[in-house]
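Next comes input01.cif, a file with mmCIF, C-alpha atoms.
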```cif
data_upload
loop_
_atom_site.label_atom_id
_atom_site.label_comp_id
_atom_site.auth_asym_id
_atom_site.auth_seq_id
_atom_site.Cartn_x
_atom_site.Cartn_y
_atom_site.Cartn_z
CA MET W 35 -5.57 -28.27 -58.12
CA GLY W 36 -2.49 -28.44 -60.32
CA TRP W 37 1.29 -28.28 -60.37
CA PHE W 38 2.81 -25.42 -58.39
CA LYS W 39 5.90 -23.57 -59.56
CA ARG W 40 8.18 -21.59 -57.28
CA LEU W 41 8.69 -18.03 -58.57
CA LYS W 42 10.12 -14.80 -57.18
CA ASP W 43 6.67 -13.41 -56.48
CA GLY W 44 5.15 -16.56 -55.01
CA ILE W 45 3.52 -19.57 -56.60
CA ILE W 46 1.19 -20.03 -59.49
CA THR W 47 -0.87 -22.96 -60.61
CA SER W 48 -1.06 -24.16 -64.14
CA THR W 49 -4.64 -23.50 -65.07
CA LYS W 50 -5.63 -26.56 -67.05
CA ASP W 51 -3.28 -29.32 -65.92
CA LYS W 52 -5.19 -31.14 -63.19
CA LYS W 53 -2.35 -33.33 -61.90
CA GLU W 54 -1.97 -33.34 -58.14
CA ALA W 55 1.00 -31.44 -56.74
CA PRO W 56 3.39 -33.93 -55.11
CA ASP W 57 3.75 -33.83 -51.33
CA GLY W 58 6.98 -32.62 -49.79
CA LEU W 59 7.47 -29.54 -51.96
CA TRP W 60 7.66 -26.22 -50.15
CA TYR W 61 6.23 -22.75 -50.50
CA LYS W 62 7.83 -19.76 -48.75
CA CYS W 63 5.33 -16.99 -48.05
CA GLN W 64 6.41 -13.75 -49.70
CA ARG W 65 4.99 -11.74 -46.80
CA CYS W 66 5.82 -13.53 -43.52
CA LYS W 67 8.52 -15.83 -45.03
CA ALA W 68 7.06 -18.89 -43.28
CA ALA W 69 7.52 -22.20 -45.06
CA SER W 70 4.59 -24.54 -45.72
CA THR W 71 4.22 -27.64 -47.82
CA LEU W 72 2.33 -27.12 -51.05
CA LYS W 73 -0.20 -29.67 -49.82
CA GLU W 74 -0.92 -27.50 -46.77
CA VAL W 75 -1.21 -24.38 -48.92
CA ARG W 76 -3.56 -26.10 -51.37
CA GLU W 77 -5.77 -27.42 -48.57
CA ASN W 78 -5.83 -23.91 -47.07
CA PHE W 79 -7.43 -22.44 -50.23
CA HIS W 80 -4.05 -21.31 -51.61
CA LYS W 81 -3.30 -19.14 -48.59
CA CYS W 82 -0.31 -18.98 -46.25
CA THR W 83 -1.01 -21.29 -43.31
CA ARG W 84 0.62 -18.86 -40.89
CA CYS W 85 -0.39 -15.30 -41.88
CA ASN W 86 -3.37 -16.01 -44.20
CA TYR W 87 -1.71 -14.21 -47.13
CA HIS W 88 -3.83 -14.81 -50.24
CA ILE W 89 -1.55 -16.20 -52.96
CA ARG W 90 -2.42 -15.26 -56.52
CA ILE W 91 -4.26 -18.05 -58.30
CA GLY W 92 -5.65 -18.53 -61.80
CA SER W 93 -9.11 -18.47 -63.32
CA HIS W 94 -9.58 -22.24 -63.30
CA ASP W 95 -8.57 -22.38 -59.63
CA TYR W 96 -11.43 -19.98 -58.88
CA PHE W 97 -13.78 -22.10 -60.99
CA ASP W 98 -12.80 -25.14 -58.90
CA LEU W 99 -13.35 -23.21 -55.66
CA LEU W 100 -16.73 -21.79 -56.66
CA PHE W 101 -18.66 -24.29 -58.73
CA ASP W 102 -20.43 -27.28 -57.21
CA GLY W 103 -18.71 -29.70 -59.54
CA GLU W 104 -18.41 -29.68 -63.30
CA TYR W 105 -18.59 -26.44 -65.25
CA THR W 106 -18.67 -25.55 -68.93
CA GLU W 107 -16.38 -23.00 -70.54
CA ILE W 108 -17.79 -20.68 -73.20
CA ALA W 109 -16.25 -18.11 -75.58
CA THR W 110 -13.18 -20.28 -76.13
CA ASP W 111 -12.95 -19.73 -79.88
CA ILE W 112 -11.25 -16.30 -79.98
CA GLN W 113 -7.63 -15.23 -79.66
CA SER W 114 -5.80 -11.90 -79.76
CA GLU W 115 -3.91 -10.94 -82.91
CA ASP W 116 -1.07 -8.52 -83.52
CA PHE W 117 -3.13 -6.37 -85.88
CA LEU W 118 -0.99 -3.27 -85.16
CA GLU W 119 2.29 -5.20 -85.67
CA PHE W 120 3.39 -3.75 -82.33
CA THR W 121 6.98 -4.21 -81.15
CA ASP W 122 8.68 -3.05 -77.97
CA LEU W 123 11.39 -5.30 -76.53
CA LYS W 124 9.97 -8.03 -78.73
CA PRO W 125 7.02 -8.34 -81.14
CA TYR W 126 3.55 -8.58 -79.59
CA LYS W 127 2.95 -11.68 -81.71
CA ASP W 128 5.85 -13.41 -79.93
CA ARG W 129 4.54 -12.28 -76.53
CA LEU W 130 1.16 -13.81 -77.28
CA GLU W 131 2.68 -17.11 -78.38
CA ALA W 132 4.90 -17.23 -75.30
CA ALA W 133 1.99 -16.44 -72.97
CA ARG W 134 -0.21 -19.14 -74.50
CA LYS W 135 2.57 -21.70 -74.21
CA LYS W 136 3.41 -20.73 -70.63
CA THR W 137 -0.15 -20.64 -69.29
CA ASP W 138 -2.07 -23.00 -71.59
CA LEU W 139 -4.67 -20.21 -71.87
CA ASP W 140 -6.10 -18.44 -74.91
CA ASP W 141 -6.01 -15.02 -73.26
CA ALA W 142 -6.17 -13.20 -69.92
CA LEU W 143 -9.80 -14.07 -69.18
CA SER W 144 -11.81 -17.29 -69.13
CA VAL W 145 -15.59 -17.67 -68.91
CA ALA W 146 -17.42 -20.60 -67.35
CA ILE W 147 -21.00 -21.49 -66.45
CA GLY W 148 -22.09 -23.78 -63.64
CA THR W 149 -23.90 -23.82 -60.32
CA VAL W 150 -22.86 -22.42 -56.94
CA GLU W 151 -24.79 -24.03 -54.09
CA GLU W 152 -27.25 -25.23 -56.74
CA LYS W 153 -27.82 -21.74 -58.16
CA PRO W 154 -26.71 -21.00 -61.77
CA LEU W 155 -23.90 -18.47 -62.26
CA VAL W 156 -21.74 -17.16 -65.11
CA VAL W 157 -18.15 -16.48 -63.98
CA ALA W 158 -15.60 -14.51 -66.01
CA ALA W 159 -12.20 -14.75 -64.29
CA MET W 160 -8.93 -13.04 -65.18
CA ASP W 161 -5.43 -14.55 -65.16
CA PHE W 162 -2.52 -12.33 -64.15
CA SER W 163 -0.07 -14.88 -65.53
CA PHE W 164 -1.19 -14.02 -69.09
CA ILE W 165 0.63 -10.73 -69.89
CA GLY W 166 -0.21 -9.29 -66.48
CA GLY W 167 -3.92 -9.97 -66.83
CA SER W 168 -4.04 -7.10 -69.30
CA MET W 169 -7.31 -6.17 -70.97
CA GLY W 170 -7.18 -6.36 -74.74
CA SER W 171 -9.86 -6.78 -77.38
CA VAL W 172 -10.35 -10.48 -76.62
CA VAL W 173 -10.90 -9.84 -72.90
CA GLY W 174 -13.54 -7.25 -73.80
CA GLU W 175 -15.22 -9.59 -76.29
CA LYS W 176 -15.26 -12.50 -73.83
CA ILE W 177 -16.92 -10.30 -71.21
CA ALA W 178 -19.45 -9.18 -73.81
CA ARG W 179 -20.26 -12.80 -74.68
CA ALA W 180 -20.54 -13.69 -70.99
CA ILE W 181 -23.03 -10.82 -70.58
CA ASP W 182 -24.99 -11.95 -73.65
CA TYR W 183 -25.28 -15.44 -72.15
CA ALA W 184 -26.35 -14.00 -68.78
CA LEU W 185 -29.00 -11.90 -70.53
CA THR W 186 -30.35 -14.76 -72.61
CA GLU W 187 -30.48 -17.22 -69.73
CA ARG W 188 -31.41 -14.66 -67.04
CA THR W 189 -28.39 -15.89 -65.05
CA PRO W 190 -26.35 -13.70 -62.64
CA LEU W 191 -22.83 -12.73 -63.72
CA MET W 192 -19.68 -12.60 -61.60
CA ILE W 193 -16.42 -11.11 -62.87
CA ILE W 194 -13.22 -11.88 -60.97
CA SER W 195 -10.72 -9.10 -61.71
CA LYS W 196 -6.94 -9.55 -61.49
CA SER W 197 -5.25 -7.18 -63.89
CA GLY W 198 -2.51 -4.67 -64.54
CA GLY W 199 -4.92 -2.67 -66.72
CA ALA W 200 -5.34 -2.09 -70.44
CA ARG W 201 -2.98 -3.95 -72.82
CA MET W 202 -0.65 -1.32 -74.26
CA MET W 203 0.25 -3.51 -77.25
CA GLU W 204 -3.27 -3.03 -78.63
CA SER W 205 -3.25 0.75 -78.10
CA ALA W 206 -6.67 2.41 -78.51
CA PHE W 207 -8.30 -0.96 -79.25
CA SER W 208 -7.69 -1.99 -75.64
CA LEU W 209 -8.95 1.34 -74.26
CA MET W 210 -12.15 0.88 -76.27
CA GLN W 211 -12.90 -2.20 -74.14
CA MET W 212 -13.61 0.09 -71.18
CA ALA W 213 -16.57 1.61 -73.01
CA LYS W 214 -17.61 -1.70 -74.55
CA THR W 215 -17.79 -3.61 -71.28
CA SER W 216 -19.47 -0.72 -69.46
CA ALA W 217 -22.14 -0.43 -72.17
CA LYS W 218 -22.81 -4.16 -72.08
CA LEU W 219 -23.15 -4.07 -68.30
CA SER W 220 -25.74 -1.31 -68.63
CA GLN W 221 -27.82 -3.77 -70.70
CA LEU W 222 -27.52 -6.27 -67.86
CA ALA W 223 -28.64 -3.64 -65.34
CA LYS W 224 -31.65 -2.62 -67.45
CA ALA W 225 -32.68 -6.26 -67.69
CA GLY W 226 -32.47 -6.63 -63.91
CA VAL W 227 -29.86 -9.40 -64.02
CA PRO W 228 -27.43 -9.22 -61.04
CA TYR W 229 -23.73 -8.51 -61.57
CA PHE W 230 -21.20 -9.26 -58.83
CA SER W 231 -17.72 -7.73 -59.14
CA PHE W 232 -15.00 -9.54 -57.18
CA MET W 233 -11.64 -7.79 -57.04
CA THR W 234 -8.42 -9.66 -56.28
CA ASP W 235 -4.76 -8.68 -56.11
CA PRO W 236 -4.05 -6.63 -58.18
CA THR W 237 -6.99 -4.84 -59.82
CA THR W 238 -5.66 -1.71 -61.50
CA GLY W 239 -5.78 0.60 -64.52
CA GLY W 240 -8.55 0.46 -67.08
CA VAL W 241 -10.14 -2.59 -65.47
CA THR W 242 -10.73 -0.67 -62.24
CA ALA W 243 -11.94 2.30 -64.30
CA SER W 244 -14.58 0.20 -66.04
CA PHE W 245 -16.25 -3.11 -65.22
CA ALA W 246 -14.51 -3.82 -61.88
CA MET W 247 -16.26 -0.93 -60.11
CA LEU W 248 -19.67 -1.31 -61.76
CA GLY W 249 -21.05 -4.27 -59.82
CA ASP W 250 -24.40 -4.37 -58.08
CA ILE W 251 -22.18 -5.75 -55.33
CA ASN W 252 -18.47 -4.86 -55.26
CA PHE W 253 -16.32 -7.02 -52.99
CA ALA W 254 -12.71 -8.14 -52.72
CA GLU W 255 -10.18 -10.47 -51.18
CA PRO W 256 -8.23 -9.24 -48.12
CA GLU W 257 -5.30 -6.88 -48.73
CA ALA W 258 -5.77 -6.78 -52.49
CA LEU W 259 -4.22 -3.83 -54.35
CA ILE W 260 -7.10 -1.96 -56.00
CA GLY W 261 -6.69 1.35 -57.80
CA PHE W 262 -6.26 3.15 -61.09
CA ALA W 263 -2.78 4.69 -61.16
CA GLY W 264 0.00 3.38 -58.92
CA PRO W 265 0.81 4.99 -55.56
CA ARG W 266 4.10 6.45 -56.83
CA VAL W 267 2.39 8.23 -59.75
CA ILE W 268 -0.35 9.59 -57.48
CA LYS W 269 2.15 10.80 -54.89
CA GLU W 270 4.21 12.59 -57.53
CA THR W 271 1.06 14.16 -58.99
CA ILE W 272 -0.55 15.49 -55.80
CA LYS W 273 2.80 16.17 -54.06
CA LYS W 274 1.55 14.68 -50.79
CA ASP W 275 2.24 11.57 -48.77
CA LEU W 276 -0.47 8.94 -49.14
CA PRO W 277 -2.43 7.48 -46.20
CA GLU W 278 -1.26 4.21 -44.69
CA GLY W 279 -2.80 1.25 -46.46
CA PHE W 280 -3.81 3.38 -49.44
CA GLN W 281 -5.36 1.29 -52.29
CA THR W 282 -5.83 -1.85 -50.19
CA SER W 283 -9.16 -3.62 -49.95
CA GLU W 284 -9.47 -2.52 -46.34
CA PHE W 285 -8.89 1.16 -47.21
CA LEU W 286 -11.49 1.03 -49.98
CA LEU W 287 -13.99 -0.67 -47.69
CA ASP W 288 -13.55 2.08 -45.09
CA HIS W 289 -14.12 4.74 -47.76
CA GLY W 290 -17.24 3.22 -49.28
CA PHE W 291 -15.90 1.71 -52.50
CA LEU W 292 -16.51 -1.91 -51.45
CA ASP W 293 -19.51 -3.63 -49.91
CA PHE W 294 -17.46 -6.24 -48.05
CA ILE W 295 -14.21 -8.21 -47.98
CA VAL W 296 -14.32 -12.01 -48.08
CA ASP W 297 -11.67 -14.55 -47.15
CA ARG W 298 -11.12 -17.07 -49.93
CA LYS W 299 -12.25 -19.96 -47.73
CA ASP W 300 -15.66 -18.26 -47.38
CA LEU W 301 -16.01 -17.21 -51.02
CA LYS W 302 -18.35 -19.95 -52.20
CA THR W 303 -20.63 -19.54 -49.19
CA ARG W 304 -20.86 -15.75 -49.62
CA VAL W 305 -21.53 -16.00 -53.36
CA GLY W 306 -24.22 -18.60 -52.63
CA GLU W 307 -25.80 -16.15 -50.17
CA LEU W 308 -25.76 -13.41 -52.81
CA LEU W 309 -27.43 -15.67 -55.36
CA ARG W 310 -30.19 -16.57 -52.91
CA LEU W 311 -30.63 -12.91 -51.90
CA PHE W 312 -30.92 -11.64 -55.48
#
```

Would you give me this structure, written as structure tokens?
Amino acid sequence: MGWFKRLKDGIITSTKDKKEAPDGLWYKCQRCKAASTLKEVRENFHKCTRCNYHIRIGSHDYFDLLFDGEYTEIATDIQSEDFLEFTDLKPYKDRLEAARKKTDLDDALSVAIGTVEEKPLVVAAMDFSFIGGSMGSVVGEKIARAIDYALTERTPLMIISKSGGARMMESAFSLMQMAKTSAKLSQLAKAGVPYFSFMTDPTTGGVTASFAMLGDINFAEPEALIGFAGPRVIKETIKKDLPEGFQTSEFLLDHGFLDFIVDRKDLKTRVGELLRLF
């Protein structure tokens, strides 16, 4: 898939460098602490070989898992700008430049078209490594362009969410993307073109409050964190202890927010079934 880097919170893959990871390097699972070679992890669909913990992966890793072979990226000609001249610990402009250099991505979402089990599909996938997968104006515009393509070609759309929510550095412009993406998805629904929403760890904030929960089919990876506000904020607001497993995929499935949970190794097969069904 790509080079793996050891980080505090697990491993990531560089999204566009297709060099093979060398054998003999190790990954320590952040949940069960078991050690596996990176080759074993890669061959196990980027999951812990002992406890099946789903390691966070990037958009292009999902493209490689899903598509039959080659795929074509679209909406690659837009980038975020610091139009508010926003500064917190450092200028937003510098954050953008650092994120692009670190990830080799234009922004926190990539769009690709290809076939899954010989059925055409548009996939818009988020990258948490790019400023926490935050939704800014470019993410909203890329989703809009993905929807326009799906409408024109009568091709189903799948969005893979992995996000900390709206991008605070773009203020109200990022919040506007909630309405923009929701309105565009209503066009898709009226046209009768299927939309599959796949939620991965984490899916939070304005992304959950907009396109992530609007799928014709809503499904998720095991044990993904899915919610709007964080558990601490909710607990302090309602002044009550939260149920065990609150905001996990399994909890949401039990309470009717998800249609099913799918292990990453079965993802392509299940998406292929959905495409044939719809």

Query - Nearest to Ile194 (chain W) by atom-to-atom distance, counting all atoms listed in the file, from W:Gln113, W:Gln281, W:Thr149, W:Asn252 - result: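 Of W:Gln113, W:Gln281, W:Thr149, W:Asn252, the one nearest Ile194 (chain W) is W:Asn252, counting all atoms listed in the file.
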
Query raised in the report: Can you list what the PyMOL selection byres ((chain W and resi 156-171) around 6) grabs from this structure, as a ChimeraX atom specification?
Result: /W:92-93,133,142-147,155,172-174,191-201,208

Report task. Select, from W:Thr121, W:Ser114, W:Thr238, W:Ser70, the residue with the minimum atom-to-atom distance to Leu259 (chain W), counting only C-alpha atoms. Result -> W:Thr238

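Of the listed residues (W:Asp275, W:Glu255, W:Lys127, W:Ala243), W:Glu255 comes nearest to Lys299 (chain W); the distances count all atoms listed in the file.
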
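Compared by their closest atoms to Asn86 (chain W), and using only C-alpha atoms, the residues W:Ala263, W:Ala68, W:Leu209, W:Leu287 rank with W:Ala68 nearest.
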
**Report entry** Contacts of Lys153 (chain W) within 10 Å, all atoms listed in the file, excl. fewer than 4 positions in-chain, as a list in words
**Finding:**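 Counting all atoms listed in the file, the residues come to Phe101, Asp102, Gly148, Thr149, Thr189, Pro190, Val305, Gly306, Glu307, Leu309 and Arg310 of chain W.
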
Report task. Give as an MDAnalysis selection string the residues that the PyMOL selection byres ((chain W and resi 63) around 12) matches when applied to the coordinates above. Result -> chainID W and resid 40:45 60:62 64:72 75 80:90

Could those selected residues go to a file with C-alpha atoms, as a PDB file, in the frame of the given file?
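Result went into part24.pdb, see below:
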```pdb
ATOM      1  CA  ARG W  40       8.180 -21.590 -57.280  1.00  0.00           C
ATOM      2  CA  LEU W  41       8.690 -18.030 -58.570  1.00  0.00           C
ATOM      3  CA  LYS W  42      10.120 -14.800 -57.180  1.00  0.00           C
ATOM      4  CA  ASP W  43       6.670 -13.410 -56.480  1.00  0.00           C
ATOM      5  CA  GLY W  44       5.150 -16.560 -55.010  1.00  0.00           C
ATOM      6  CA  ILE W  45       3.520 -19.570 -56.600  1.00  0.00           C
ATOM      7  CA  TRP W  60       7.660 -26.220 -50.150  1.00  0.00           C
ATOM      8  CA  TYR W  61       6.230 -22.750 -50.500  1.00  0.00           C
ATOM      9  CA  LYS W  62       7.830 -19.760 -48.750  1.00  0.00           C
ATOM     10  CA  GLN W  64       6.410 -13.750 -49.700  1.00  0.00           C
ATOM     11  CA  ARG W  65       4.990 -11.740 -46.800  1.00  0.00           C
ATOM     12  CA  CYS W  66       5.820 -13.530 -43.520  1.00  0.00           C
ATOM     13  CA  LYS W  67       8.520 -15.830 -45.030  1.00  0.00           C
ATOM     14  CA  ALA W  68       7.060 -18.890 -43.280  1.00  0.00           C
ATOM     15  CA  ALA W  69       7.520 -22.200 -45.060  1.00  0.00           C
ATOM     16  CA  SER W  70       4.590 -24.540 -45.720  1.00  0.00           C
ATOM     17  CA  THR W  71       4.220 -27.640 -47.820  1.00  0.00           C
ATOM     18  CA  LEU W  72       2.330 -27.120 -51.050  1.00  0.00           C
ATOM     19  CA  VAL W  75      -1.210 -24.380 -48.920  1.00  0.00           C
ATOM     20  CA  HIS W  80      -4.050 -21.310 -51.610  1.00  0.00           C
ATOM     21  CA  LYS W  81      -3.300 -19.140 -48.590  1.00  0.00           C
ATOM     22  CA  CYS W  82      -0.310 -18.980 -46.250  1.00  0.00           C
ATOM     23  CA  THR W  83      -1.010 -21.290 -43.310  1.00  0.00           C
ATOM     24  CA  ARG W  84       0.620 -18.860 -40.890  1.00  0.00           C
ATOM     25  CA  CYS W  85      -0.390 -15.300 -41.880  1.00  0.00           C
ATOM     26  CA  ASN W  86      -3.370 -16.010 -44.200  1.00  0.00           C
ATOM     27  CA  TYR W  87      -1.710 -14.210 -47.130  1.00  0.00           C
ATOM     28  CA  HIS W  88      -3.830 -14.810 -50.240  1.00  0.00           C
ATOM     29  CA  ILE W  89      -1.550 -16.200 -52.960  1.00  0.00           C
ATOM     30  CA  ARG W  90      -2.420 -15.260 -56.520  1.00  0.00           C
TER      31      ARG W  90
END
```

Requested in this report: Find the residue from W:Met202, W:Met210, W:Leu123, W:Val150 that sits nearest to Phe97 (chain W); use only C-alpha atoms when measuring.
Outcome: W:Val150

Query raised in the report: So how far away is CA of Leu130 (chain W) from CA of Phe207 (chain W), in Å?
Result: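 Those two atoms sit 16.1 Å apart.
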
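Within 6 Å of Ala258 (chain W), once all atoms listed in the file are used and residues closer than 3 positions along the same chain are dropped, the contacting residues are Thr234, Asp235, Pro236, Glu255, Thr282 and Ser283 of chain W.
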
Report task. Can you work out which one of W:Lys218, W:Lys124, W:Phe253, W:Arg76 has the shortest atom-to-atom distance to Leu99 (chain W), counting all atoms listed in the file? Result ->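 Residue with the minimum atom-to-atom distance to Leu99 (chain W): W:Arg76.
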
Report task. Just say which residues the PyMOL selection byres ((chain W and resi 285) around 12) picks in this file, as a list in words. Result -> Ala254, Pro256, Glu257, Ala258, Leu259, Ile260, Gly261, Leu276, Pro277, Glu278, Gly279, Phe280, Gln281, Thr282, Ser283, Glu284, Leu286, Leu287, Asp288, His289, Gly290, Phe291, Leu292, Asp293, Phe294 and Ile295 of chain W

Report summary line: re CA of Tyr105 (chain W) and CA of Glu187 (chain W): distance 15.7 Å

Report task. One decimal, Å: what's the distance from CA of Tyr126 (chain W) over to CA of Ser244 (chain W), could you say? Result ->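 CA of Ser244 (chain W) lies 24.3 Å from CA of Tyr126 (chain W).
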